[in-house]
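Beneath this line is the structure, given in structure tokens, with notes to follow.
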Amino acid sequence: MTIPVGLRDIEVRHPARWGAKTPMQTLRIKRTSTDGLERARPGPGRDLAPALAGAAVAVGGTGALLALLDSGSPLRGPFALFFLFAAPASAIAALLHGLDPFGRVLTSVAGTVVVDMLVAQGMLAVHRWSVDGGIITVAVISGLMSLSVFMRHMPGRTTADKVV
């Protein structure tokens with residue numbers, strides 16, 4: 001081993017000189033052990049989201065049913081409007097699972113307005129406006145969007161078949 005002129009003994013024997021990493025080069029960012037895992041929330045509110053989702057489905061379904069049956073109930077209007085808003089919004093939000101929560105909410109609200117307005121505009125353009133037709137059309141469009149989400153996550157599909 002040839003010692004270059006001007007180096008002290010400790011500098012010649014230093015591991016970095018022979019390709020080893022210094023301690024600063026081997027430092028990594030330490031992550032918590034729960035990274036990527038959802039933490040269980042303590043208390044009585046931890047089961048609130050599924051209960052609210054079930055209540056929203058019940059209210060929306062009731063609104064669509066009351067509108068289709070031409071009921072004289074005072075709840076028909078608000079529940080039907082809730083269905084016309086919530087059905088496309090939930091389907092669009094399910095399609096956009098990769099966005100952050102604020103982006104999903106904003107995009108699904110905008111998409112809901114677009115779907116509802118396009119259905120209304122299309123029905124008016126062909127002179128076939130009806131409440132029942134609007135409810136059914138929005139339900140079919142929302143169902144097709146939801147079906148595409150379910151088809152993407154079917155267990156029997158290979159990774160080559162999945163739509164990105």
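Naming scheme: A, B, ... for chains in displayed order of the structure tokens; residues 1 onward per chain; ligands 1 onward as shown.
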Exercise. Segment 60-98 of chain A: which residues are helix (DSSP H, G or I) by DSSP, as an NGL selection string?
Worked result: :A and (60-68 or 76-95)
Problem set entry | Test item: residues at most 12 Å from Phe150 of chain A, only C-alpha atoms, excluding those fewer than 3 positions along its chain, as a PyMOL selection string | chain A and resi 91+94-95+143-147+153-157+162-163
Exercise. Segment 119-127 of chain A: which residues within 8 Å, counting only C-alpha atoms, same-chain residues fewer than 5 positions away excluded, as a ChimeraX atom specification?
Worked result: /A:134,137-138
Please produce, as a Markdown table, a per-residue contact table for segment 89-157 of chain A versus segment 48-72 of chain A (criterion: any atom at most 8 Å away, only C-alpha atoms considered), showing the nearest atom pair and its distance in Å to one decimal, sorted by chain then residue number.
| residue | atom | partner | partner_atom | distance |
| --- | --- | --- | --- | --- |
| A:Val131 | CA | A:Ala67 | CA | 7.4 |
| A:Asp132 | CA | A:Leu68 | CA | 5.5 |
| A:Ile135 | CA | A:Ala64 | CA | 6.6 |
Save the residues we just selected, all heavy atoms, as a tab-separated table (two decimals), in the first residue's frame?
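And here's result_2.tsv as it stands now:
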chain	number	residue	atom	x	y	z
A	131	VAL	N	-89.73	13.96	-14.36
A	131	VAL	CA	-89.04	13.75	-13.09
A	131	VAL	C	-88.55	12.32	-13.00
A	131	VAL	O	-87.41	12.05	-12.61
A	131	VAL	CB	-89.97	14.09	-11.90
A	131	VAL	CG1	-89.31	13.75	-10.59
A	131	VAL	CG2	-90.34	15.55	-11.94
A	132	ASP	N	-89.41	11.38	-13.37
A	132	ASP	CA	-89.03	9.97	-13.31
A	132	ASP	C	-87.84	9.67	-14.22
A	132	ASP	O	-86.92	8.95	-13.84
A	132	ASP	CB	-90.21	9.08	-13.72
A	132	ASP	CG	-91.37	9.15	-12.76
A	132	ASP	OD1	-91.17	9.67	-11.64
A	132	ASP	OD2	-92.48	8.70	-13.12
A	135	ILE	N	-84.61	11.03	-12.58
A	135	ILE	CA	-84.17	10.20	-11.45
A	135	ILE	C	-83.55	8.90	-11.98
A	135	ILE	O	-82.48	8.48	-11.52
A	135	ILE	CB	-85.36	9.88	-10.51
A	135	ILE	CG1	-85.89	11.15	-9.88
A	135	ILE	CG2	-84.99	8.84	-9.48
A	135	ILE	CD1	-85.22	11.60	-8.64
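Distance-wise, atom CA of Val105 of chain A and atom CA of Phe82 of chain A end up 15.8 Å apart.
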Exercise. Expressed in Å to a single decimal, how great is the separation between atom CA of Ala93 of chain A and atom CA of Thr112 of chain A?
Worked result: 10.0 Å
Exercise. Could you name the residues that touch Val109 of chain A at 12 Å or less, counting only C-alpha atoms, but leaving out those on the same chain fewer than 2 positions away, as a PyMOL selection string?
Worked result: chain A and resi 84-93+102-107+111-116
